[in-house]
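target-v7.cif, holding mmCIF, C-alpha atoms and all ligand atoms:
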data_protein
#
loop_
_atom_site.label_atom_id
_atom_site.label_comp_id
_atom_site.auth_asym_id
_atom_site.auth_seq_id
_atom_site.Cartn_x
_atom_site.Cartn_y
_atom_site.Cartn_z
CA MET A 595 11.35 -50.44 -17.35
CA LYS A 596 8.06 -52.32 -17.12
CA ARG A 597 4.65 -50.85 -17.75
CA VAL A 598 2.46 -51.12 -14.65
CA LEU A 599 -1.28 -50.48 -14.46
CA SER A 600 -3.94 -50.81 -11.80
CA GLY A 601 -7.33 -49.45 -10.82
CA ILE A 602 -9.53 -48.91 -7.79
CA GLN A 603 -13.31 -48.50 -7.88
CA PRO A 604 -14.90 -45.38 -6.41
CA SER A 605 -17.63 -47.57 -4.93
CA GLY A 606 -17.26 -46.28 -1.37
CA GLN A 607 -14.64 -44.98 1.01
CA LEU A 608 -11.20 -46.51 0.53
CA THR A 609 -10.29 -48.92 3.31
CA LEU A 610 -7.12 -49.93 5.03
CA GLY A 611 -7.32 -53.11 2.88
CA ASN A 612 -7.12 -50.97 -0.27
CA TYR A 613 -4.16 -49.10 1.18
CA ILE A 614 -2.16 -52.12 2.33
CA GLY A 615 -3.13 -54.40 -0.55
CA ALA A 616 -2.96 -51.86 -3.35
CA LEU A 617 -2.15 -48.16 -2.94
CA ARG A 618 0.97 -48.54 -0.84
CA ASN A 619 2.49 -50.80 -3.45
CA TYR A 620 1.62 -48.39 -6.26
CA VAL A 621 3.69 -45.75 -4.50
CA LEU A 622 6.74 -48.03 -4.44
CA LEU A 623 6.27 -49.17 -8.03
CA GLN A 624 6.16 -45.64 -9.45
CA GLU A 625 9.83 -45.18 -8.52
CA GLU A 626 11.00 -47.86 -10.90
CA HIS A 627 8.37 -48.33 -13.58
CA ASP A 628 6.20 -46.60 -16.14
CA CYS A 629 2.94 -46.49 -14.17
CA PHE A 630 -0.75 -45.96 -14.93
CA PHE A 631 -3.16 -45.72 -12.00
CA MET A 632 -6.81 -45.01 -12.51
CA VAL A 633 -10.03 -44.62 -10.64
CA VAL A 634 -12.33 -47.08 -12.39
CA ASP A 635 -15.62 -45.21 -12.29
CA LEU A 636 -17.09 -47.23 -15.20
CA HIS A 637 -16.58 -50.34 -13.09
CA ALA A 638 -18.17 -48.77 -10.02
CA ILE A 639 -21.54 -48.41 -11.80
CA THR A 640 -21.80 -52.19 -12.26
CA VAL A 641 -23.69 -51.95 -8.97
CA PRO A 642 -26.13 -49.06 -8.41
CA GLN A 643 -24.46 -45.76 -7.38
CA GLU A 644 -26.16 -42.58 -6.22
CA PRO A 645 -24.90 -39.87 -8.68
CA ALA A 646 -23.89 -37.36 -5.97
CA ALA A 647 -22.13 -40.09 -4.00
CA LEU A 648 -20.32 -41.39 -7.07
CA LYS A 649 -18.97 -37.92 -7.81
CA GLU A 650 -17.82 -37.35 -4.22
CA GLN A 651 -16.26 -40.82 -3.95
CA THR A 652 -14.45 -40.42 -7.28
CA GLU A 653 -12.90 -37.15 -6.11
CA SER A 654 -12.13 -38.58 -2.71
CA VAL A 655 -10.42 -41.71 -4.10
CA THR A 656 -8.35 -39.62 -6.52
CA ALA A 657 -7.30 -37.29 -3.70
CA LEU A 658 -6.32 -40.34 -1.61
CA PHE A 659 -4.16 -41.56 -4.50
CA LEU A 660 -2.21 -38.30 -4.32
CA ALA A 661 -2.26 -38.12 -0.51
CA SER A 662 -0.80 -41.64 -0.29
CA GLY A 663 2.17 -40.49 -2.33
CA LEU A 664 1.28 -41.10 -5.96
CA ASP A 665 2.98 -38.31 -7.85
CA PRO A 666 1.51 -37.07 -11.16
CA THR A 667 5.01 -36.26 -12.39
CA LYS A 668 6.01 -39.91 -11.95
CA SER A 669 2.74 -41.80 -12.68
CA ASN A 670 -0.19 -41.31 -15.04
CA ILE A 671 -3.18 -40.78 -12.77
CA PHE A 672 -6.59 -40.55 -14.41
CA LEU A 673 -10.27 -41.45 -14.40
CA GLN A 674 -11.32 -44.42 -16.51
CA SER A 675 -14.32 -42.51 -17.93
CA HIS A 676 -12.01 -39.73 -19.17
CA VAL A 677 -10.42 -42.11 -21.66
CA ARG A 678 -13.14 -43.24 -24.05
CA ALA A 679 -11.09 -46.09 -25.47
CA HIS A 680 -11.80 -48.14 -22.31
CA ALA A 681 -15.52 -48.48 -23.01
CA GLU A 682 -14.87 -49.16 -26.68
CA LEU A 683 -12.20 -51.84 -26.27
CA GLY A 684 -14.31 -53.24 -23.41
CA TRP A 685 -17.10 -53.90 -25.91
CA LEU A 686 -14.76 -55.44 -28.47
CA LEU A 687 -13.34 -57.81 -25.84
CA THR A 688 -16.82 -58.66 -24.52
CA THR A 689 -17.51 -60.21 -27.91
CA LEU A 690 -14.43 -62.44 -27.51
CA THR A 691 -15.29 -63.53 -23.95
CA TYR A 692 -17.21 -66.76 -23.38
CA MET A 693 -20.26 -66.91 -21.10
CA GLY A 694 -18.71 -69.89 -19.29
CA GLU A 695 -15.63 -67.85 -18.43
CA LEU A 696 -17.71 -65.07 -16.87
CA GLU A 697 -19.94 -67.53 -15.03
CA ARG A 698 -16.90 -68.90 -13.20
CA MET A 699 -15.82 -65.54 -11.74
CA THR A 700 -16.04 -65.61 -7.95
CA GLN A 701 -16.40 -61.80 -7.66
CA PHE A 702 -19.54 -62.01 -9.81
CA LYS A 703 -20.89 -64.87 -7.73
CA ASP A 704 -20.18 -62.99 -4.48
CA LYS A 705 -21.65 -59.68 -5.63
CA SER A 706 -24.74 -61.16 -7.28
CA SER A 707 -25.64 -63.77 -4.69
CA GLY A 708 -28.99 -63.15 -3.03
CA LYS A 709 -29.73 -60.07 -5.22
CA GLU A 710 -32.84 -59.85 -7.35
CA SER A 711 -31.92 -57.50 -10.18
CA ILE A 712 -28.37 -57.88 -11.34
CA GLY A 713 -27.08 -55.53 -14.02
CA ALA A 714 -25.53 -57.21 -17.07
CA GLY A 715 -22.47 -54.98 -16.55
CA LEU A 716 -21.63 -56.82 -13.34
CA PHE A 717 -21.40 -59.99 -15.42
CA THR A 718 -19.27 -58.50 -18.21
CA TYR A 719 -17.13 -56.51 -15.75
CA PRO A 720 -13.98 -58.66 -16.38
CA SER A 721 -13.96 -57.88 -20.13
CA LEU A 722 -13.81 -54.16 -19.33
CA MET A 723 -11.03 -54.80 -16.85
CA ALA A 724 -9.13 -56.68 -19.56
CA ALA A 725 -9.55 -53.64 -21.82
CA ASP A 726 -8.14 -51.37 -19.08
CA ILE A 727 -5.02 -53.48 -18.89
CA LEU A 728 -4.47 -54.32 -22.56
CA LEU A 729 -4.95 -50.77 -23.88
CA TYR A 730 -1.60 -49.77 -22.40
CA GLY A 731 0.49 -52.81 -23.31
CA THR A 732 0.73 -53.50 -19.57
CA ASN A 733 3.35 -55.94 -18.26
CA LEU A 734 2.58 -55.89 -14.52
CA VAL A 735 -0.73 -55.49 -12.67
CA PRO A 736 -0.42 -54.89 -8.91
CA VAL A 737 -3.60 -56.19 -7.25
CA GLY A 738 -4.81 -57.92 -4.11
CA ASP A 739 -5.39 -61.64 -4.05
CA ASP A 740 -9.07 -61.31 -4.98
CA GLN A 741 -8.24 -60.10 -8.51
CA LYS A 742 -6.10 -63.06 -9.58
CA GLN A 743 -8.95 -64.72 -11.41
CA HIS A 744 -9.79 -61.57 -13.40
CA LEU A 745 -6.18 -61.28 -14.42
CA GLU A 746 -6.09 -64.88 -15.58
CA LEU A 747 -9.04 -64.09 -17.85
CA THR A 748 -7.25 -60.98 -19.15
CA ARG A 749 -4.28 -63.16 -20.08
CA ASP A 750 -6.56 -65.65 -21.85
CA LEU A 751 -8.24 -62.83 -23.80
CA ALA A 752 -4.88 -61.35 -24.80
CA ASN A 753 -3.70 -64.74 -26.06
CA ARG A 754 -6.99 -65.34 -27.84
CA PHE A 755 -6.83 -61.98 -29.58
CA ASN A 756 -3.18 -62.48 -30.57
CA GLN A 757 -3.93 -65.89 -32.03
CA ARG A 758 -6.99 -64.78 -33.97
CA PHE A 759 -5.89 -61.40 -35.19
CA GLY A 760 -2.09 -61.37 -34.95
CA GLU A 761 0.40 -60.49 -32.22
CA THR A 762 -0.90 -57.28 -30.58
CA PHE A 763 -0.86 -57.49 -26.78
CA PRO A 764 1.92 -58.38 -24.35
CA ILE A 765 0.66 -60.92 -21.78
CA PRO A 766 0.34 -59.14 -18.40
CA GLU A 767 1.52 -60.66 -15.11
CA PRO A 768 -0.17 -60.18 -11.72
CA PHE A 769 1.91 -58.59 -8.99
CA ILE A 770 0.54 -59.64 -5.61
CA PRO A 771 2.18 -58.48 -2.38
CA LYS A 772 3.48 -61.16 0.02
CA VAL A 773 2.07 -59.53 3.15
CA GLY A 774 -1.30 -57.80 3.19
CA ALA A 775 -2.68 -59.17 -0.08
CA ARG A 776 -5.88 -60.06 1.72
CA ILE A 777 -6.87 -58.01 4.74
CA MET A 778 -10.02 -59.50 6.19
CA SER A 779 -13.18 -57.92 7.52
CA LEU A 780 -13.16 -56.90 11.22
CA ASP A 781 -16.51 -58.57 11.87
CA ASP A 782 -15.94 -61.74 9.87
CA ALA A 783 -12.47 -63.07 9.07
CA SER A 784 -13.81 -65.27 6.29
CA LYS A 785 -14.64 -62.20 4.14
CA LYS A 786 -12.20 -59.63 2.77
CA MET A 787 -12.33 -56.12 4.16
CA SER A 788 -14.43 -54.28 1.59
CA LYS A 789 -15.48 -50.66 1.12
CA SER A 790 -18.92 -51.68 -0.14
CA ASN A 791 -19.77 -53.65 2.99
CA PRO A 792 -22.87 -51.94 4.47
CA ASN A 793 -21.50 -52.42 8.00
CA ALA A 794 -18.95 -49.60 8.52
CA GLY A 795 -17.67 -51.45 11.60
CA SER A 796 -16.31 -54.17 9.31
CA TYR A 797 -13.62 -51.94 7.83
CA ILE A 798 -11.25 -49.14 8.72
CA ALA A 799 -11.71 -46.33 6.21
CA MET A 800 -8.54 -44.48 5.24
CA LEU A 801 -10.31 -41.31 6.36
CA ASP A 802 -11.54 -42.62 9.73
CA GLY A 803 -10.39 -40.37 12.59
CA PRO A 804 -8.23 -41.70 15.45
CA ASP A 805 -11.14 -42.32 17.83
CA VAL A 806 -13.17 -44.17 15.25
CA ILE A 807 -10.15 -46.35 14.45
CA ARG A 808 -9.61 -47.12 18.14
CA LYS A 809 -13.27 -47.96 18.64
CA LYS A 810 -13.53 -50.19 15.55
CA LEU A 811 -10.40 -52.14 16.48
CA SER A 812 -11.36 -52.57 20.11
CA ARG A 813 -14.69 -54.00 18.94
CA SER A 814 -13.19 -56.20 16.24
CA VAL A 815 -14.16 -59.84 16.55
CA THR A 816 -11.61 -62.22 18.10
CA ASP A 817 -11.76 -65.80 19.34
CA SER A 818 -12.33 -66.46 23.02
CA GLY A 819 -8.69 -67.37 23.72
CA ARG A 820 -6.07 -64.85 24.85
CA GLU A 821 -2.93 -65.87 22.98
CA VAL A 822 -1.55 -63.45 20.35
CA LYS A 823 -0.43 -66.16 17.97
CA TYR A 824 -0.46 -66.28 14.18
CA ASP A 825 -2.50 -69.29 13.10
CA LEU A 826 -4.70 -68.69 10.06
CA ALA A 827 -6.71 -71.90 10.45
CA ALA A 828 -7.34 -71.85 14.21
CA LYS A 829 -7.22 -68.08 14.92
CA PRO A 830 -8.17 -66.27 11.68
CA GLU A 831 -9.32 -63.06 13.42
CA ILE A 832 -6.22 -62.51 15.52
CA SER A 833 -4.02 -63.52 12.55
CA ASN A 834 -5.72 -60.86 10.44
CA LEU A 835 -5.14 -58.19 13.11
CA MET A 836 -1.50 -59.28 13.32
CA SER A 837 -1.10 -58.88 9.54
CA ILE A 838 -2.53 -55.37 9.84
CA TYR A 839 -0.15 -54.58 12.70
CA ALA A 840 2.86 -55.90 10.76
CA SER A 841 1.81 -53.84 7.73
CA CYS A 842 1.46 -50.65 9.77
CA SER A 843 4.71 -50.99 11.77
CA ASP A 844 8.20 -52.26 11.26
CA LEU A 845 7.51 -55.35 13.40
CA SER A 846 7.41 -58.83 11.90
CA ILE A 847 4.71 -61.34 12.85
CA GLN A 848 7.26 -63.20 15.04
CA GLN A 849 8.23 -60.00 16.84
CA ILE A 850 4.57 -59.24 17.51
CA GLU A 851 4.03 -62.74 18.95
CA ALA A 852 7.05 -62.30 21.23
CA ARG A 853 6.04 -58.81 22.38
CA TYR A 854 2.52 -59.79 23.50
CA GLU A 855 3.29 -63.23 24.90
CA GLY A 856 1.18 -63.87 27.99
CA GLN A 857 -0.51 -60.44 27.84
CA GLY A 858 -3.87 -61.22 26.24
CA TYR A 859 -5.63 -59.29 23.48
CA GLY A 860 -6.20 -55.96 25.29
CA PRO A 861 -2.69 -54.43 25.11
CA PHE A 862 -2.21 -55.86 21.61
CA LYS A 863 -5.37 -54.24 20.27
CA LYS A 864 -4.46 -50.91 21.88
CA ASP A 865 -1.01 -50.78 20.28
CA LEU A 866 -2.42 -51.99 16.99
CA ALA A 867 -4.84 -49.04 16.97
CA GLU A 868 -1.99 -46.58 17.57
CA ALA A 869 0.04 -48.13 14.71
CA VAL A 870 -2.92 -47.76 12.34
CA VAL A 871 -3.57 -44.17 13.47
CA ALA A 872 0.10 -43.29 12.93
CA THR A 873 0.00 -44.78 9.41
CA LEU A 874 -3.16 -42.97 8.34
CA GLU A 875 -2.83 -39.57 10.04
CA PRO A 876 -0.20 -38.04 7.72
CA ILE A 877 -2.19 -39.24 4.69
CA GLN A 878 -5.35 -37.64 6.08
CA GLN A 879 -3.52 -34.37 6.61
CA ARG A 880 -2.33 -34.30 2.98
CA TYR A 881 -5.79 -35.34 1.85
CA ARG A 882 -7.35 -32.26 3.42
CA ASP A 883 -4.76 -29.99 1.76
CA ILE A 884 -5.33 -31.58 -1.64
CA ARG A 885 -9.13 -31.32 -1.46
CA SER A 886 -8.92 -27.63 -0.65
CA SER A 887 -6.52 -26.85 -3.53
CA GLY A 888 -7.01 -27.10 -7.31
CA GLU A 889 -4.42 -29.85 -7.56
CA LEU A 890 -6.85 -32.62 -8.40
CA GLU A 891 -8.36 -31.16 -11.56
CA ALA A 892 -4.97 -30.29 -13.01
CA ALA A 893 -3.56 -33.74 -12.33
CA LEU A 894 -6.59 -35.46 -13.87
CA ARG A 895 -6.53 -33.29 -16.98
CA SER A 896 -2.94 -34.06 -17.84
CA GLY A 897 -3.34 -37.71 -16.78
CA ALA A 898 -6.27 -38.18 -19.17
CA GLU A 899 -4.41 -36.51 -22.04
CA GLN A 900 -1.37 -38.72 -21.71
CA ALA A 901 -3.38 -41.89 -21.20
CA SER A 902 -5.71 -41.14 -24.15
CA ALA A 903 -2.80 -40.72 -26.56
CA ILE A 904 -1.57 -44.25 -25.82
CA ALA A 905 -5.01 -45.86 -25.51
CA ASP A 906 -6.30 -44.38 -28.79
CA LYS A 907 -3.30 -45.72 -30.66
CA THR A 908 -3.87 -49.26 -29.34
CA LEU A 909 -7.58 -49.09 -30.08
CA ARG A 910 -6.88 -48.07 -33.68
CA GLU A 911 -4.52 -50.99 -34.15
CA VAL A 912 -7.04 -53.41 -32.59
CA LYS A 913 -9.86 -52.17 -34.83
CA ALA A 914 -7.72 -52.39 -37.95
CA ARG A 915 -6.75 -55.97 -37.08
CA MET A 916 -10.36 -56.97 -36.46
CA GLY A 917 -11.44 -55.63 -39.84
CA PHE A 918 -13.16 -52.37 -38.95
CA VAL A 919 -13.06 -49.62 -41.58
CA LEU A 920 -11.06 -46.88 -39.87
CA PRO A 921 -12.23 -43.28 -40.06
P1 LIG B 1001 -15.67 -53.32 -3.49
O1 LIG B 1001 -16.00 -53.79 -2.14
O2 LIG B 1001 -16.45 -52.14 -3.92
O3 LIG B 1001 -15.63 -54.40 -4.51
P2 LIG B 1001 -12.94 -53.28 -2.74
O4 LIG B 1001 -12.78 -52.67 -1.43
O5 LIG B 1001 -12.82 -54.74 -2.89
O6 LIG B 1001 -14.23 -52.74 -3.41
P3 LIG B 1001 -11.58 -52.59 -5.18
O7 LIG B 1001 -11.79 -51.29 -5.79
O8 LIG B 1001 -12.31 -53.71 -5.80
O9 LIG B 1001 -11.87 -52.57 -3.63
O10 LIG B 1001 -10.05 -52.94 -5.12
C1 LIG B 1001 -8.98 -52.06 -5.30
C2 LIG B 1001 -7.69 -52.77 -5.01
O11 LIG B 1001 -7.59 -53.01 -3.61
C3 LIG B 1001 -7.56 -54.13 -5.69
O12 LIG B 1001 -6.22 -54.30 -6.11
C4 LIG B 1001 -7.88 -55.09 -4.60
O13 LIG B 1001 -7.27 -56.34 -4.80
C5 LIG B 1001 -7.32 -54.38 -3.38
N1 LIG B 1001 -8.03 -54.77 -2.17
C6 LIG B 1001 -9.34 -54.56 -1.92
N2 LIG B 1001 -9.69 -55.04 -0.72
C7 LIG B 1001 -8.56 -55.58 -0.20
C8 LIG B 1001 -8.27 -56.24 1.03
N3 LIG B 1001 -9.21 -56.44 1.93
N4 LIG B 1001 -7.00 -56.66 1.25
C9 LIG B 1001 -6.04 -56.44 0.33
N5 LIG B 1001 -6.25 -55.83 -0.85
C10 LIG B 1001 -7.48 -55.40 -1.12
N1 LIG B 1002 -11.46 -55.22 -10.75
C1 LIG B 1002 -10.63 -54.44 -9.90
C2 LIG B 1002 -10.53 -53.00 -10.29
C3 LIG B 1002 -9.95 -52.84 -11.65
C4 LIG B 1002 -8.61 -53.08 -12.02
C5 LIG B 1002 -8.53 -52.76 -13.41
C6 LIG B 1002 -7.48 -53.53 -11.34
C7 LIG B 1002 -10.61 -52.41 -12.77
N2 LIG B 1002 -9.75 -52.35 -13.81
C8 LIG B 1002 -7.35 -52.90 -14.10
C9 LIG B 1002 -6.30 -53.69 -12.07
C10 LIG B 1002 -6.23 -53.37 -13.42
C11 LIG B 1002 -11.17 -54.58 -8.49
O1 LIG B 1002 -12.32 -54.84 -8.30
N3 LIG B 1002 -10.35 -54.37 -7.55
#

Any chance you could give the structure as structure tokens?
Ligand code: ATP
Ligand code: LTN
Amino acid sequence: MKRVLSGIQPSGQLTLGNYIGALRNYVLLQEEHDCFFMVVDLHAITVPQEPAALKEQTESVTALFLASGLDPTKSNIFLQSHVRAHAELGWLLTTLTYMGELERMTQFKDKSSGKESIGAGLFTYPSLMAADILLYGTNLVPVGDDQKQHLELTRDLANRFNQRFGETFPIPEPFIPKVGARIMSLDDASKKMSKSNPNAGSYIAMLDGPDVIRKKLSRSVTDSGREVKYDLAAKPEISNLMSIYASCSDLSIQQIEARYEGQGYGPFKKDLAEAVVATLEPIQQRYRDIRSSGELEAALRSGAEQASAIADKTLREVKARMGFVLP
């Protein structure tokens, strides 16, 4: 049994990209592995967050974890800030991370470009992510395509630590889904669909109602042609919508091409919307039930207890190896 760990930031409303690229795979993985899934609230504050919104989003994301099928009796589900070892190991690893390594990170470049005041935490973000992963002796990290580079750095830091201070961390592997690893924005197929995009029309939120989903998809940008054909270079927008359709139905890309041959984009977009609605509606129903019960608090309490026991043990070993006087 492998140890699996991943995290999602409560930096906005979860999107269909988060569901297809991340959450849905967590649910499958929990059947076969020893899983840790957390809401990474310490990472979310690397860009400014309104306190009331952060609290609401943290609760909402956690409830969506459960509503999507993550089961606290099968997986450890917790908030990053509930396990203090994350911040502490994050600092220790920051001191082992080179400036040049952080300067190369494309997520930092994307999130800081054009901004005037950039918090130092946005820069050191990957060292904290490495701490998240290494605290639990993680073997597999399910993430979307955009996180590959952060995981590479985590592997380098684990190797560096092991070489300097003795064998401590297993080297984690990324686990990237074949379909849906990169769902693109509805208004610009060169950018990934992202919950912190200020234009709500650019993403489908997991909690968007049926009419909103229909409207957003009918307005989604497409090229001026009319052929429903998968061609990432020539037709990135339609190809993205086809990936979403394939992920929300049991149709393959080839079957979708065959079904809409000669019909233009209209009927395709209509059916796509219904497939997305049918995927999200049952999750939304469970979400409402969870938010109105006390389920969330109980799950988080026991998740934090179990996670802390493992994380504290690793942190103690790390500190002893680095030469800290242990209390
Ligand atoms: P933000 O815009 O605030 O950076 P995000 O929407 O990119 O957030 P994260 O919390 O950074 O979401 O990511 C959570 C998980 O969802 C990660 O594993 C990430 O790779 C995956 N993910 C995010 N967006 C997409 C997407 N558009 N397609 C596929 N996977 C995605
Ligand atoms: N950086 C990730 C979120 C994240 C994460 C992690 C993912 C923080 N810690 C540990 C996997 C494992 C993101 O922006 N999606």

### Message
I'd like the neighbourhood of region 611-628 of chain A as a PyMOL selection string, where a residue qualifies if any of its atoms comes within 7 Å (using all atoms listed in the file), though same-chain residues fewer than 3 positions away should be ignored.
### Response
chain A and resi 595-598+608+663-664+668-669+736-738+771+774-777+787+841

### Message
Using Å and a single decimal, report how far CA of Pro720 (chain A) sits from CA of Ile798 (chain A).
### Response
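Answer for the CA of Ile798 (chain A) to CA of Pro720 (chain A) separation: 27.0 Å.
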
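Take atom N2 of ligand LIG 1002 (chain B) and CA of Ser779 (chain A): the distance between them is 22.3 Å.
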
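Compared by their closest atoms to Lys810 (chain A), and using all atoms listed in the file, the residues A:Ile838, A:Ile884, A:Ile770, A:Ala867 rank with A:Ala867 nearest.
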
Report as a CSV table (one decimal) with C-alpha atoms, in the coordinates of the input which protein, DNA and RNA residues come within 7 Å of ligand LIG 1002 (chain B), using only C-alpha atoms and all ligand atoms.
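Generated file (selection_21.csv):
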chain,number,residue,atom,x,y,z
A,599,LEU,CA,-1.3,-50.5,-14.5
A,600,SER,CA,-3.9,-50.8,-11.8
A,601,GLY,CA,-7.3,-49.4,-10.8
A,602,ILE,CA,-9.5,-48.9,-7.8
A,603,GLN,CA,-13.3,-48.5,-7.9
A,634,VAL,CA,-12.3,-47.1,-12.4
A,637,HIS,CA,-16.6,-50.3,-13.1
A,723,MET,CA,-11.0,-54.8,-16.8
A,724,ALA,CA,-9.1,-56.7,-19.6
A,726,ASP,CA,-8.1,-51.4,-19.1
A,727,ILE,CA,-5.0,-53.5,-18.9
A,735,VAL,CA,-0.7,-55.5,-12.7
A,736,PRO,CA,-0.4,-54.9,-8.9
A,737,VAL,CA,-3.6,-56.2,-7.2
A,741,GLN,CA,-8.2,-60.1,-8.5

#### Entry: Near-Arg698 (chain A) list (12 Å; only C-alpha atoms; drop same-chain fewer than 6 positions) as an NGL selection string
:A and (692 or 704 or 717-718 or 720 or 743-744 or 746-747)

### Coordinates-based distance that separates CA of Asn753 (chain A) from CA of Glu911 (chain A) (Å, one decimal)
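Spanning CA of Glu911 (chain A) to CA of Asn753 (chain A) is a straight-line distance of 16.0 Å.
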